[in-house]
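Structure first, commentary second.
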Amino acid sequence: MSVTPEFDVIVVGSGAGGAMSALTLTRAGHRVLMLEAGRHYDPVAETPMFNRDIDAPLGNLPTEDRHPRFFDPIIGGAEIEGEPYVCADGTQYDWVRTRMLGGRTNAWWGFAPRFGPYDFKSRSRDGLGVDWPVTYNDIAPYYDRTEEMVGMFGSSEGFENEPGSPPGILQPPPPLRAFEYFVQAGFASLGIPSKVAPTAILTQPLEDRQACFYSTHCRRGCSIGAKFQTTTSFIPMALRTGNLTLRTDAMVIRVNTDADGRATGVTYGDNKTGERSDVTARAVVLAASTFETARIMMNSKSGSHPDGLGSRSGQLGRNIANTVNYLVDAQFPLLEDRPRYNEDGVSVPHMYIPWWGYKDQKEGKLEFTRGYHFQVYGGMSEVPGVTTGPHIVNPELGYGAQLKAAARRRYGSRIRFEMFGEMIPNAQAYMDIDQSVLDKWGSPVVRFHWGISDSERAMARHGMETAHKVIDRMGGVILPQDEAIGDKTTGAGGLHETGSARMGDSPDNSVVNNVSQCWDVDNLVLADASVFASHPHKNPTLTIMALSLRASEALAQRIAVQKSQGGVQ
Ligand SMILES: Cc1cc2nc3c(=O)[nH]c(=O)nc-3n(C[C@H](O)[C@H](O)[C@H](O)COP(=O)(O)OP(=O)(O)OC[C@H]3O[C@@H](n4cnc5c(N)ncnc54)[C@H](O)[C@@H]3O)c2cc1C
Ligand code: SF4
């Protein structure tokens with residue numbers, strides 16, 4: 001006799017991917033249980049939008065569970081008590097995680113470009129990596145709907161491989177600020193164009209969320225809901241359907257399967273009480289973030305899946321990648337002691353520099369494959385570490401009245417250039433589990449292996465040289481910390497991890513199909529960046545949500561059919 005499962009779907013994780021999935025499934029009328037390992041988090045009550053750095057302990061330095069600054073909503077970081085990870089010999093990898101409702105969307109900066117047609121078919125263009133089993137045109141309608149649901153400003157200028165949105169979807173962007181016009185001119189002097197940054201921040205109200213008032217730190221989160229966070233949008237929206245049950249402090253340990261190998265539910269541990277529970281469902285969605293999703297699959301061994309779930313192709317844990325990053329700060333005497341022009345805005349960029357080198361690459365003029373972009377930060381709104389810092393308050397500038405005058409003169413004269421580059425997955429970069437190191441629930445932990453190629457190193461060098469040329473054209477002085485960062489990028493760390501359970505068109509070469517359904521367990525769906533088949537330089541979160549929407553709608557339909565046929569699975 002079969003027993004009706006307690007829920008239609010269990011969604012693991014409440015970040016970008018999990019919340020989109022839960023909203024889609026609950027709106028389709030299915031009963032969803034969301035399990036989130038982190039604690040409950042309420043941005044309205046907990047976001048210190050107006051506090052000054054000096055209001056925080058130690059002037060806003062990090063504490064045990066707050067990184068990289070006390071006021072940043074990252075409860076977690078690279079070190080999480082009871083959840084270690086290890087690195088193989090010769091590898092150093094910083095895995096930044098959050099353990100809070102809403103995941104990293106509470107802390108993200110909201111820069112949300114679409115991938116373009118080339119990004120989904122890069123192997124067909126240059127012979128490296130693999131193509132995705134979907135085209136840009138397959139995903140475009142889901143980008144349209146995701147952008148509308150998220151609420152974004154942007155524009156559709158029509159740059160190569162930077163698709164725009166249909167009219168009426170994006171909200172009007174805020175005007176460029178004085179420093180951004182200056183940067184735009186600097187890049188333009190090298191023939192490099194810039195473009196409005198597609199950003200998940202409201203410039204007009206959307207449902208019960210308010211428009212940005214351009215005064216506070218987006219990085220701390222946004223209690224008025226102007227910056228997209230799942231805690232002020234998708235999660236409350238899903239709760240309002242009446243179909244969502246939410247459990248926080250609930251760490252999923254494994255997915256359980258039956259004798260036929262299908263998922264029957266999960267086992268999770270209560271981080272507060274230490275109790276373990278089993279819960280059943282017709283289907284399971286994993287959105288615990290790229291590496292944790294793969295770890296759960298590897299740890300879900302059973303008689304029907306002796307090597308864990310989704311391991312048949314040998315691709316589980318492979319193809320991981322992260323951003324090729326380079327960052328430089330410079331101070332610009334031309335921006336000193338100037339009148340205030342238009343300085344209002346969000347505390348993230350209004351414009352960015354999309355990749356401009358497709359033609360040179362085609363003509364063989366560059367030493368690397370694929371592209372990168374720059375995000376540029378500065379201006380007069382206080383962005384700790386960028387607009388303030390040692391170049392403002394520095395004993396070399398004098399003391400007392402002299403120092404105050406120097407600080408006023410130089411405020412807003414510093415600009416940060418950050419490069420984000422594409423890494424091509426390679427055989428050296430992968431994750432597995434270390435059976436000898438266990439987390440607090442007795443499960444083996446992630447072990448990282450890492451390597452990048454000469455192409456990525458050449459790309460980082462190119463990014464550095466380009467930034468230095470632009471800074472030079474703008475009359476800037478590179479600040480000393482650049483020497484520490486230099487061109488030593490390794491991609492090992494960063495915030496944009498992808499791969500580990502890539503999608504493909506065959507169970508022989510991929511873990512999930514083109515709607516993120518596990519080839520080996522047809523009622524297991526992945527809804528985070530684990531399914532990415534490549535790692536375009538464009539930040540991943542909009543694509544995570546668009547793919548989650550697509551995968552969750554397909555799952556909702558399958559479950560509706562099962563229910564109409566009276567099946568329990
Ligand atoms: C400071 C910062 C700035 C960023 N800026 C940008 C940006 O501008 N643009 C961009 O595209 N991206 C940005 N990112 C990255 C972006 O936040 C992530 O790509 C995105 O949030 C990933 O979504 P996710 O749902 O896959 O994972 P997460 O948001 O990490 O959510 C995963 C959730 O799963 C939970 N979980 C993990 N394991 C378990 C388990 N075993 N059981 C139950 N729950 C579990 C976690 O606690 C977490 O809440 C930024 C990130 C940071 C930290
Ligand atoms: S600047 Fe705007 S989006 Fe950013 S935290 Fe303030 S109100 Fe929110």
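In the structure tokens, chains take the letters A, B, ... in the order shown, each chain's residues start at 1, and ligands count up from 1 in the order shown.
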Write out as a ChimeraX atom specification each polymer residue whose atoms come within 7 Å of Thr245 of chain A, counting only C-alpha atoms; drop sequence neighbours fewer than 6 positions from it. /A:32-34
Dump the neighbourhood of ligand 1 as a CSV table (one decimal) with all heavy atoms, in the first residue's frame: all residues within 6 Å, distances computed on only C-alpha atoms and all ligand atoms.
chain,number,residue,atom,x,y,z
A,12,VAL,N,15.0,22.7,-1.1
A,12,VAL,CA,16.2,22.9,-0.1
A,12,VAL,C,16.9,24.1,-0.5
A,12,VAL,O,17.5,24.3,-1.5
A,12,VAL,CB,17.1,21.6,-0.3
A,12,VAL,CG1,18.3,21.8,0.7
A,12,VAL,CG2,16.3,20.4,0.0
A,13,GLY,N,16.9,25.1,0.5
A,13,GLY,CA,17.6,26.4,0.3
A,13,GLY,C,16.6,27.5,-0.1
A,13,GLY,O,15.6,27.3,-0.8
A,14,SER,N,16.8,28.7,0.5
A,14,SER,CA,15.9,29.8,0.3
A,14,SER,C,16.5,31.0,-0.4
A,14,SER,O,16.0,32.1,-0.3
A,14,SER,CB,15.4,30.3,1.6
A,14,SER,OG,16.4,30.7,2.4
A,15,GLY,N,17.6,30.8,-1.1
A,15,GLY,CA,18.3,31.8,-1.9
A,15,GLY,C,17.6,32.1,-3.2
A,15,GLY,O,16.4,31.8,-3.4
A,16,ALA,N,18.4,32.6,-4.2
A,16,ALA,CA,17.8,33.0,-5.4
A,16,ALA,C,17.1,31.8,-6.1
A,16,ALA,O,15.9,31.9,-6.5
A,16,ALA,CB,18.9,33.5,-6.3
A,17,GLY,N,17.8,30.7,-6.2
A,17,GLY,CA,17.2,29.5,-6.9
A,17,GLY,C,16.1,28.9,-6.2
A,17,GLY,O,15.0,28.6,-6.7
A,18,GLY,N,16.2,28.7,-4.9
A,18,GLY,CA,15.2,28.0,-4.1
A,18,GLY,C,13.9,28.8,-3.9
A,18,GLY,O,12.8,28.3,-4.0
A,35,LEU,N,13.1,23.9,3.2
A,35,LEU,CA,14.0,23.7,4.3
A,35,LEU,C,15.3,24.6,4.1
A,35,LEU,O,15.9,24.5,3.1
A,35,LEU,CB,14.4,22.2,4.4
A,35,LEU,CG,13.3,21.2,4.6
A,35,LEU,CD1,13.7,19.8,4.5
A,35,LEU,CD2,12.7,21.5,6.0
A,36,GLU,N,15.6,25.4,5.1
A,36,GLU,CA,16.7,26.3,5.0
A,36,GLU,C,17.6,26.1,6.2
A,36,GLU,O,17.1,26.1,7.4
A,36,GLU,CB,16.1,27.8,5.0
A,36,GLU,CG,17.2,28.8,5.3
A,36,GLU,CD,18.4,28.8,4.4
A,36,GLU,OE1,18.2,28.8,3.2
A,36,GLU,OE2,19.5,28.7,5.0
A,37,ALA,N,18.9,25.8,6.0
A,37,ALA,CA,19.8,25.5,7.0
A,37,ALA,C,20.1,26.7,8.0
A,37,ALA,O,20.4,26.5,9.1
A,37,ALA,CB,21.1,25.0,6.4
A,38,GLY,N,20.0,27.9,7.4
A,38,GLY,CA,20.3,29.1,8.2
A,38,GLY,C,19.1,29.5,9.1
A,38,GLY,O,18.0,28.9,9.1
A,97,ARG,N,29.8,31.2,2.1
A,97,ARG,CA,28.4,30.7,2.2
A,97,ARG,C,27.7,31.6,3.2
A,97,ARG,O,28.3,32.3,4.0
A,97,ARG,CB,28.4,29.3,2.8
A,97,ARG,CG,29.2,28.3,1.9
A,97,ARG,CD,29.6,27.1,2.7
A,97,ARG,NE,30.7,27.3,3.6
A,97,ARG,CZ,31.1,26.4,4.5
A,97,ARG,NH1,30.6,25.2,4.5
A,97,ARG,NH2,32.2,26.7,5.3
A,98,THR,N,26.3,31.6,3.1
A,98,THR,CA,25.5,32.2,4.2
A,98,THR,C,24.7,31.1,4.8
A,98,THR,O,24.4,30.1,4.2
A,98,THR,CB,24.6,33.3,3.6
A,98,THR,OG1,23.8,32.7,2.5
A,98,THR,CG2,25.3,34.5,3.1
A,99,ARG,N,24.3,31.4,6.0
A,99,ARG,CA,23.4,30.5,6.7
A,99,ARG,C,22.3,31.4,7.3
A,99,ARG,O,22.3,31.7,8.5
A,99,ARG,CB,24.1,29.7,7.8
A,99,ARG,CG,25.0,28.6,7.2
A,99,ARG,CD,24.2,27.5,6.5
A,99,ARG,NE,25.1,26.5,5.9
A,99,ARG,CZ,25.4,26.6,4.6
A,99,ARG,NH1,24.9,27.5,3.8
A,99,ARG,NH2,26.2,25.6,4.0
A,100,MET,N,21.3,31.8,6.4
A,100,MET,CA,20.3,32.7,6.9
A,100,MET,C,19.1,32.6,5.8
A,100,MET,O,19.4,32.3,4.6
A,100,MET,CB,20.8,34.1,6.9
A,100,MET,CG,21.3,34.7,5.6
A,100,MET,SD,22.4,36.1,5.8
A,100,MET,CE,21.3,37.3,6.5
A,101,LEU,N,17.9,32.8,6.2
A,101,LEU,CA,16.8,32.9,5.3
A,101,LEU,C,17.1,33.9,4.2
A,101,LEU,O,17.5,35.0,4.5
A,101,LEU,CB,15.5,33.2,6.0
A,101,LEU,CG,14.2,33.1,5.2
A,101,LEU,CD1,14.0,31.7,4.8
A,101,LEU,CD2,13.0,33.7,5.9
A,102,GLY,N,16.9,33.4,2.9
A,102,GLY,CA,17.2,34.3,1.8
A,102,GLY,C,18.6,34.1,1.2
A,102,GLY,O,18.9,34.7,0.2
A,103,GLY,N,19.5,33.4,1.9
A,103,GLY,CA,20.8,33.1,1.4
A,103,GLY,C,21.6,34.3,1.1
A,103,GLY,O,21.4,35.4,1.7
A,104,ARG,N,22.3,34.2,0.0
A,104,ARG,CA,23.2,35.4,-0.3
A,104,ARG,C,22.5,36.5,-1.0
A,104,ARG,O,23.1,37.5,-1.3
A,104,ARG,CB,24.4,34.8,-1.2
A,104,ARG,CG,25.4,34.1,-0.4
A,104,ARG,CD,26.5,33.5,-1.2
A,104,ARG,NE,26.0,32.4,-2.1
A,104,ARG,CZ,26.6,31.9,-3.1
A,104,ARG,NH1,27.8,32.4,-3.5
A,104,ARG,NH2,26.1,30.9,-3.8
A,105,THR,N,21.2,36.3,-1.3
A,105,THR,CA,20.5,37.5,-1.9
A,105,THR,C,20.4,38.6,-0.9
A,105,THR,O,20.2,39.8,-1.3
A,105,THR,CB,19.1,37.1,-2.4
A,105,THR,OG1,18.3,36.8,-1.3
A,105,THR,CG2,19.1,36.0,-3.5
A,107,ALA,N,22.8,39.8,0.7
A,107,ALA,CA,24.1,40.5,0.6
A,107,ALA,C,24.5,40.9,-0.8
A,107,ALA,O,25.4,41.7,-1.0
A,107,ALA,CB,25.2,39.7,1.2
A,108,TRP,N,23.8,40.3,-1.8
A,108,TRP,CA,24.4,40.5,-3.2
A,108,TRP,C,24.2,41.9,-3.6
A,108,TRP,O,23.5,42.7,-3.0
A,108,TRP,CB,23.7,39.5,-4.2
A,108,TRP,CG,22.3,39.9,-4.7
A,108,TRP,CD1,21.3,40.4,-3.9
A,108,TRP,CD2,21.9,39.8,-6.0
A,108,TRP,NE1,20.2,40.6,-4.7
A,108,TRP,CE2,20.5,40.3,-6.0
A,108,TRP,CE3,22.4,39.4,-7.2
A,108,TRP,CZ2,19.7,40.3,-7.2
A,108,TRP,CZ3,21.6,39.5,-8.4
A,108,TRP,CH2,20.3,39.9,-8.3
A,109,TRP,N,25.0,42.3,-4.7
A,109,TRP,CA,25.0,43.7,-5.1
A,109,TRP,C,24.0,43.9,-6.2
A,109,TRP,O,23.9,45.0,-6.7
A,109,TRP,CB,26.4,44.0,-5.6
A,109,TRP,CG,27.4,44.1,-4.5
A,109,TRP,CD1,27.7,43.1,-3.6
A,109,TRP,CD2,28.2,45.2,-4.1
A,109,TRP,NE1,28.6,43.6,-2.7
A,109,TRP,CE2,28.9,44.9,-3.0
A,109,TRP,CE3,28.3,46.5,-4.6
A,109,TRP,CZ2,29.8,45.7,-2.4
A,109,TRP,CZ3,29.1,47.4,-4.0
A,109,TRP,CH2,29.9,47.0,-2.9
A,110,GLY,N,23.3,42.9,-6.7
A,110,GLY,CA,22.2,43.1,-7.6
A,110,GLY,C,22.5,43.3,-9.1
A,110,GLY,O,21.7,43.6,-9.9
A,111,PHE,N,23.8,43.2,-9.5
A,111,PHE,CA,24.2,43.3,-10.9
A,111,PHE,C,23.7,42.1,-11.6
A,111,PHE,O,24.2,41.0,-11.3
A,111,PHE,CB,25.7,43.5,-11.0
A,111,PHE,CG,26.1,43.7,-12.4
A,111,PHE,CD1,25.7,44.8,-13.2
A,111,PHE,CD2,27.0,42.8,-13.0
A,111,PHE,CE1,26.2,45.0,-14.5
A,111,PHE,CE2,27.4,42.9,-14.3
A,111,PHE,CZ,27.0,44.0,-15.1
A,112,ALA,N,22.8,42.2,-12.6
A,112,ALA,CA,22.1,41.0,-13.1
A,112,ALA,C,22.0,41.0,-14.6
A,112,ALA,O,20.9,41.2,-15.2
A,112,ALA,CB,20.7,41.0,-12.5
A,250,ALA,N,17.1,24.2,9.4
A,250,ALA,CA,16.8,22.8,9.0
A,250,ALA,C,17.9,22.4,7.9
A,250,ALA,O,17.7,22.8,6.8
A,250,ALA,CB,15.4,22.7,8.5
A,251,MET,N,18.9,21.7,8.3
A,251,MET,CA,20.0,21.3,7.5
A,251,MET,C,19.7,20.0,6.8
A,251,MET,O,19.7,18.9,7.5
A,251,MET,CB,21.2,21.2,8.3
A,251,MET,CG,22.5,20.8,7.6
A,251,MET,SD,23.3,22.3,7.1
A,251,MET,CE,24.6,21.7,6.0
A,252,VAL,N,19.5,20.0,5.5
A,252,VAL,CA,19.3,18.7,4.8
A,252,VAL,C,20.6,17.9,4.7
A,252,VAL,O,21.6,18.4,4.3
A,252,VAL,CB,18.7,19.0,3.4
A,252,VAL,CG1,18.6,17.7,2.6
A,252,VAL,CG2,17.3,19.6,3.5
A,253,ILE,N,20.5,16.6,5.1
A,253,ILE,CA,21.6,15.8,5.2
A,253,ILE,C,21.7,14.9,4.0
A,253,ILE,O,22.8,14.6,3.5
A,253,ILE,CB,21.5,14.9,6.5
A,253,ILE,CG1,21.6,15.9,7.7
A,253,ILE,CG2,22.7,13.9,6.6
A,253,ILE,CD1,21.1,15.2,9.0
A,287,ALA,N,18.5,23.4,-4.0
A,287,ALA,CA,19.0,24.8,-4.4
A,287,ALA,C,19.8,25.3,-3.2
A,287,ALA,O,19.6,26.4,-2.7
A,287,ALA,CB,17.8,25.7,-4.7
A,288,ALA,N,20.7,24.4,-2.8
A,288,ALA,CA,21.5,24.7,-1.6
A,288,ALA,C,22.8,25.5,-1.9
A,288,ALA,O,23.6,25.7,-1.0
A,288,ALA,CB,21.8,23.4,-0.8
A,289,SER,N,22.9,25.9,-3.1
A,289,SER,CA,24.1,26.5,-3.8
A,289,SER,C,25.0,25.5,-4.4
A,289,SER,O,25.1,24.3,-3.9
A,289,SER,CB,24.8,27.5,-2.9
A,289,SER,OG,25.7,26.9,-2.0
A,292,GLU,N,27.2,22.8,-2.3
A,292,GLU,CA,26.4,22.1,-1.3
A,292,GLU,C,25.4,21.1,-1.9
A,292,GLU,O,25.1,20.0,-1.4
A,292,GLU,CB,25.7,23.1,-0.3
A,292,GLU,CG,24.9,22.5,0.8
A,292,GLU,CD,25.7,21.7,1.9
A,292,GLU,OE1,27.0,21.9,1.9
A,292,GLU,OE2,25.1,21.0,2.7
A,495,LEU,N,32.5,34.7,-5.6
A,495,LEU,CA,31.1,34.6,-5.1
A,495,LEU,C,30.2,34.0,-6.2
A,495,LEU,O,29.0,33.9,-6.0
A,495,LEU,CB,30.6,36.0,-4.8
A,495,LEU,CG,31.4,36.7,-3.8
A,495,LEU,CD1,31.0,38.2,-3.7
A,495,LEU,CD2,31.3,36.1,-2.4
A,496,HIS,N,30.8,33.6,-7.3
A,496,HIS,CA,30.0,33.2,-8.5
A,496,HIS,C,30.2,31.7,-8.9
A,496,HIS,O,30.4,31.4,-10.1
A,496,HIS,CB,30.3,34.1,-9.7
A,496,HIS,CG,29.9,35.5,-9.4
A,496,HIS,ND1,30.4,36.6,-10.1
A,496,HIS,CD2,29.1,36.1,-8.5
A,496,HIS,CE1,29.9,37.7,-9.7
A,496,HIS,NE2,29.1,37.4,-8.7
A,528,ASP,N,19.9,25.6,-8.8
A,528,ASP,CA,21.0,26.6,-8.5
A,528,ASP,C,22.0,26.6,-9.6
A,528,ASP,O,21.8,25.9,-10.7
A,528,ASP,CB,21.6,26.5,-7.1
A,528,ASP,CG,22.1,25.0,-6.9
A,528,ASP,OD1,22.4,24.4,-7.9
A,528,ASP,OD2,22.1,24.6,-5.7
A,529,ALA,N,23.2,27.2,-9.4
A,529,ALA,CA,24.2,27.2,-10.5
A,529,ALA,C,25.0,25.9,-10.7
A,529,ALA,O,25.9,25.9,-11.5
A,529,ALA,CB,25.1,28.4,-10.3
A,539,ASN,N,27.6,37.9,-14.3
A,539,ASN,CA,27.3,37.4,-13.0
A,539,ASN,C,26.1,36.5,-13.1
A,539,ASN,O,25.2,36.7,-13.9
A,539,ASN,CB,27.0,38.6,-12.0
A,539,ASN,CG,28.1,39.7,-12.2
A,539,ASN,OD1,28.6,39.9,-13.3
A,539,ASN,ND2,28.4,40.3,-11.1
A,540,PRO,N,26.0,35.4,-12.3
A,540,PRO,CA,25.1,34.3,-12.6
A,540,PRO,C,23.7,34.4,-12.1
A,540,PRO,O,22.8,33.6,-12.5
A,540,PRO,CB,25.8,33.2,-11.8
A,540,PRO,CG,26.5,33.8,-10.7
A,540,PRO,CD,26.9,35.2,-11.1
A,541,THR,N,23.3,35.3,-11.2
A,541,THR,CA,22.1,35.1,-10.4
A,541,THR,C,20.8,35.3,-11.2
A,541,THR,O,19.9,34.5,-11.0
A,541,THR,CB,22.1,36.1,-9.2
A,541,THR,OG1,23.4,35.9,-8.5
A,541,THR,CG2,21.0,35.8,-8.2
8 Å contact set for segment 21-27 of chain A, only C-alpha atoms, chain neighbours under 2 positions out, as a list in words: Val11, Gly17, Gly18, Ala19, Gly29, His30, Arg31, Val32, Met34, Phe234, Ile235, Met237, Ala238, Thr241, Gly242, Asn243, Leu244, Val285, Ala527, Ser548, Leu549, Ser552, Glu553 and Ala556 of chain A
Can you write out the residues you just picked, keeping N, CA, C and O atoms, as an mmCIF file, in the first residue's frame?
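Contents of again_17.cif, freshly written:
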data_model
loop_
_atom_site.group_PDB
_atom_site.id
_atom_site.type_symbol
_atom_site.label_atom_id
_atom_site.label_comp_id
_atom_site.auth_asym_id
_atom_site.auth_seq_id
_atom_site.Cartn_x
_atom_site.Cartn_y
_atom_site.Cartn_z
ATOM 1 N N VAL A 11 11.696 21.904 -1.160
ATOM 2 C CA VAL A 11 12.710 22.782 -1.764
ATOM 3 C C VAL A 11 13.794 23.011 -0.720
ATOM 4 O O VAL A 11 13.503 23.456 0.396
ATOM 5 N N GLY A 17 17.770 30.673 -6.201
ATOM 6 C CA GLY A 17 17.207 29.529 -6.911
ATOM 7 C C GLY A 17 16.058 28.882 -6.162
ATOM 8 O O GLY A 17 15.003 28.578 -6.745
ATOM 9 N N GLY A 18 16.224 28.671 -4.853
ATOM 10 C CA GLY A 18 15.202 27.980 -4.062
ATOM 11 C C GLY A 18 13.928 28.797 -3.939
ATOM 12 O O GLY A 18 12.812 28.266 -4.037
ATOM 13 N N ALA A 19 14.074 30.112 -3.724
ATOM 14 C CA ALA A 19 12.878 30.946 -3.534
ATOM 15 C C ALA A 19 12.085 31.048 -4.836
ATOM 16 O O ALA A 19 10.853 31.029 -4.818
ATOM 17 N N GLY A 29 -0.188 25.804 -7.181
ATOM 18 C CA GLY A 29 -1.139 25.098 -6.319
ATOM 19 C C GLY A 29 -0.551 23.898 -5.601
ATOM 20 O O GLY A 29 -1.284 23.136 -4.964
ATOM 21 N N HIS A 30 0.775 23.723 -5.654
ATOM 22 C CA HIS A 30 1.377 22.563 -4.987
ATOM 23 C C HIS A 30 1.804 22.915 -3.557
ATOM 24 O O HIS A 30 2.173 24.052 -3.270
ATOM 25 N N ARG A 31 1.758 21.910 -2.688
ATOM 26 C CA ARG A 31 2.139 22.107 -1.283
ATOM 27 C C ARG A 31 3.649 21.934 -1.165
ATOM 28 O O ARG A 31 4.184 20.866 -1.459
ATOM 29 N N VAL A 32 4.315 22.996 -0.737
ATOM 30 C CA VAL A 32 5.786 23.001 -0.736
ATOM 31 C C VAL A 32 6.311 23.142 0.689
ATOM 32 O O VAL A 32 5.808 23.959 1.467
ATOM 33 N N MET A 34 9.771 24.291 2.402
ATOM 34 C CA MET A 34 11.110 24.850 2.174
ATOM 35 C C MET A 34 11.960 24.590 3.416
ATOM 36 O O MET A 34 11.574 24.971 4.530
ATOM 37 N N PHE A 234 10.129 37.055 -2.961
ATOM 38 C CA PHE A 234 9.600 35.742 -3.336
ATOM 39 C C PHE A 234 9.125 34.918 -2.132
ATOM 40 O O PHE A 234 8.132 34.198 -2.231
ATOM 41 N N ILE A 235 9.846 34.996 -1.002
ATOM 42 C CA ILE A 235 9.436 34.148 0.133
ATOM 43 C C ILE A 235 8.103 34.635 0.715
ATOM 44 O O ILE A 235 7.157 33.842 0.844
ATOM 45 N N MET A 237 5.872 36.289 -0.850
ATOM 46 C CA MET A 237 4.859 36.054 -1.896
ATOM 47 C C MET A 237 4.419 34.585 -1.889
ATOM 48 O O MET A 237 3.232 34.270 -2.029
ATOM 49 N N ALA A 238 5.376 33.679 -1.730
ATOM 50 C CA ALA A 238 5.032 32.249 -1.697
ATOM 51 C C ALA A 238 4.224 31.928 -0.437
ATOM 52 O O ALA A 238 3.270 31.140 -0.477
ATOM 53 N N THR A 241 0.505 32.546 -0.705
ATOM 54 C CA THR A 241 -0.350 31.593 -1.436
ATOM 55 C C THR A 241 -1.024 30.612 -0.479
ATOM 56 O O THR A 241 -1.976 29.930 -0.843
ATOM 57 N N GLY A 242 -0.474 30.500 0.734
ATOM 58 C CA GLY A 242 -1.009 29.525 1.696
ATOM 59 C C GLY A 242 -0.477 28.120 1.445
ATOM 60 O O GLY A 242 -0.817 27.183 2.175
ATOM 61 N N ASN A 243 0.380 27.953 0.437
ATOM 62 C CA ASN A 243 0.869 26.608 0.090
ATOM 63 C C ASN A 243 2.292 26.334 0.569
ATOM 64 O O ASN A 243 2.832 25.268 0.295
ATOM 65 N N LEU A 244 2.915 27.330 1.227
ATOM 66 C CA LEU A 244 4.321 27.142 1.620
ATOM 67 C C LEU A 244 4.449 26.920 3.124
ATOM 68 O O LEU A 244 3.924 27.691 3.927
ATOM 69 N N VAL A 285 13.554 19.447 -4.773
ATOM 70 C CA VAL A 285 14.330 20.451 -5.514
ATOM 71 C C VAL A 285 15.531 20.830 -4.647
ATOM 72 O O VAL A 285 15.359 21.257 -3.505
ATOM 73 N N ALA A 527 18.094 23.552 -8.804
ATOM 74 C CA ALA A 527 17.634 24.914 -9.110
ATOM 75 C C ALA A 527 18.659 25.967 -8.698
ATOM 76 O O ALA A 527 18.302 27.064 -8.281
ATOM 77 N N SER A 548 15.695 28.347 -12.845
ATOM 78 C CA SER A 548 14.867 27.776 -11.775
ATOM 79 C C SER A 548 13.386 27.905 -12.130
ATOM 80 O O SER A 548 12.592 26.971 -11.925
ATOM 81 N N LEU A 549 13.014 29.061 -12.691
ATOM 82 C CA LEU A 549 11.618 29.264 -13.113
ATOM 83 C C LEU A 549 11.229 28.215 -14.154
ATOM 84 O O LEU A 549 10.176 27.568 -14.062
ATOM 85 N N SER A 552 11.151 24.686 -12.613
ATOM 86 C CA SER A 552 10.073 24.509 -11.631
ATOM 87 C C SER A 552 8.715 24.467 -12.321
ATOM 88 O O SER A 552 7.797 23.767 -11.861
ATOM 89 N N GLU A 553 8.565 25.213 -13.417
ATOM 90 C CA GLU A 553 7.299 25.115 -14.162
ATOM 91 C C GLU A 553 7.153 23.728 -14.788
ATOM 92 O O GLU A 553 6.062 23.151 -14.794
ATOM 93 N N ALA A 556 6.218 21.477 -11.982
ATOM 94 C CA ALA A 556 4.828 21.707 -11.557
ATOM 95 C C ALA A 556 3.862 20.975 -12.487
ATOM 96 O O ALA A 556 2.877 20.374 -12.041
#
At most 12 Å from ligand 2 (only C-alpha atoms and all ligand atoms): residue list as JSON, numbers by chain: {"A": [43, 44, 47, 48, 49, 50, 51, 72, 73, 106, 107, 108, 109, 110, 111, 151, 152, 153, 174, 199, 200, 201, 202, 203, 204, 205, 209, 210, 211, 212, 213, 214, 215, 216, 217, 218, 219, 220, 221, 222, 223, 224, 225, 226, 227, 228, 229, 232, 344, 345, 346, 347, 348, 349, 350, 381, 382, 383]}
If we count only C-alpha atoms and set the cut-off at 9 Å, which residues sit around Gly317 of chain A, ignoring sequence neighbours fewer than 6 positions away in its own chain? Please answer as a VMD selection string. chain A and resid 291 294 to 295 298 311 430 to 432 499 to 502 530
Now that the selection is made, can you save its residues with N, CA and C atoms as a CSV table (one decimal), in the first residue's frame?
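Result file is selection16.csv:
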chain,number,residue,atom,x,y,z
A,291,PHE,N,28.0,24.0,-4.6
A,291,PHE,CA,28.8,22.9,-4.1
A,291,PHE,C,28.0,22.1,-3.0
A,294,ALA,N,25.8,19.6,-4.7
A,294,ALA,CA,26.5,18.4,-5.2
A,294,ALA,C,26.9,17.5,-4.0
A,295,ARG,N,27.3,18.2,-2.9
A,295,ARG,CA,27.6,17.4,-1.7
A,295,ARG,C,26.4,16.5,-1.2
A,298,MET,N,26.1,13.6,-3.4
A,298,MET,CA,27.2,12.6,-3.2
A,298,MET,C,27.0,11.8,-1.9
A,311,SER,N,25.5,10.2,-10.2
A,311,SER,CA,26.9,10.0,-10.4
A,311,SER,C,27.2,9.2,-11.7
A,430,TYR,N,37.8,20.6,-9.6
A,430,TYR,CA,36.6,19.8,-9.3
A,430,TYR,C,36.5,19.6,-7.8
A,431,MET,N,35.3,19.1,-7.4
A,431,MET,CA,35.1,18.9,-6.0
A,431,MET,C,34.7,17.4,-5.8
A,432,ASP,N,35.1,16.9,-4.6
A,432,ASP,CA,34.6,15.6,-4.2
A,432,ASP,C,34.3,15.6,-2.7
A,499,GLY,N,28.7,25.1,-12.0
A,499,GLY,CA,29.1,23.8,-12.4
A,499,GLY,C,28.8,22.8,-11.2
A,500,SER,N,29.4,21.6,-11.3
A,500,SER,CA,29.3,20.5,-10.3
A,500,SER,C,28.2,19.5,-10.7
A,501,ALA,N,27.2,19.9,-11.4
A,501,ALA,CA,26.1,19.0,-11.9
A,501,ALA,C,25.6,19.5,-13.2
A,502,ARG,N,26.4,19.6,-14.2
A,502,ARG,CA,26.0,20.3,-15.4
A,502,ARG,C,24.9,19.7,-16.2
A,530,SER,N,24.6,24.9,-9.9
A,530,SER,CA,25.3,23.6,-10.1
A,530,SER,C,25.0,23.1,-11.6
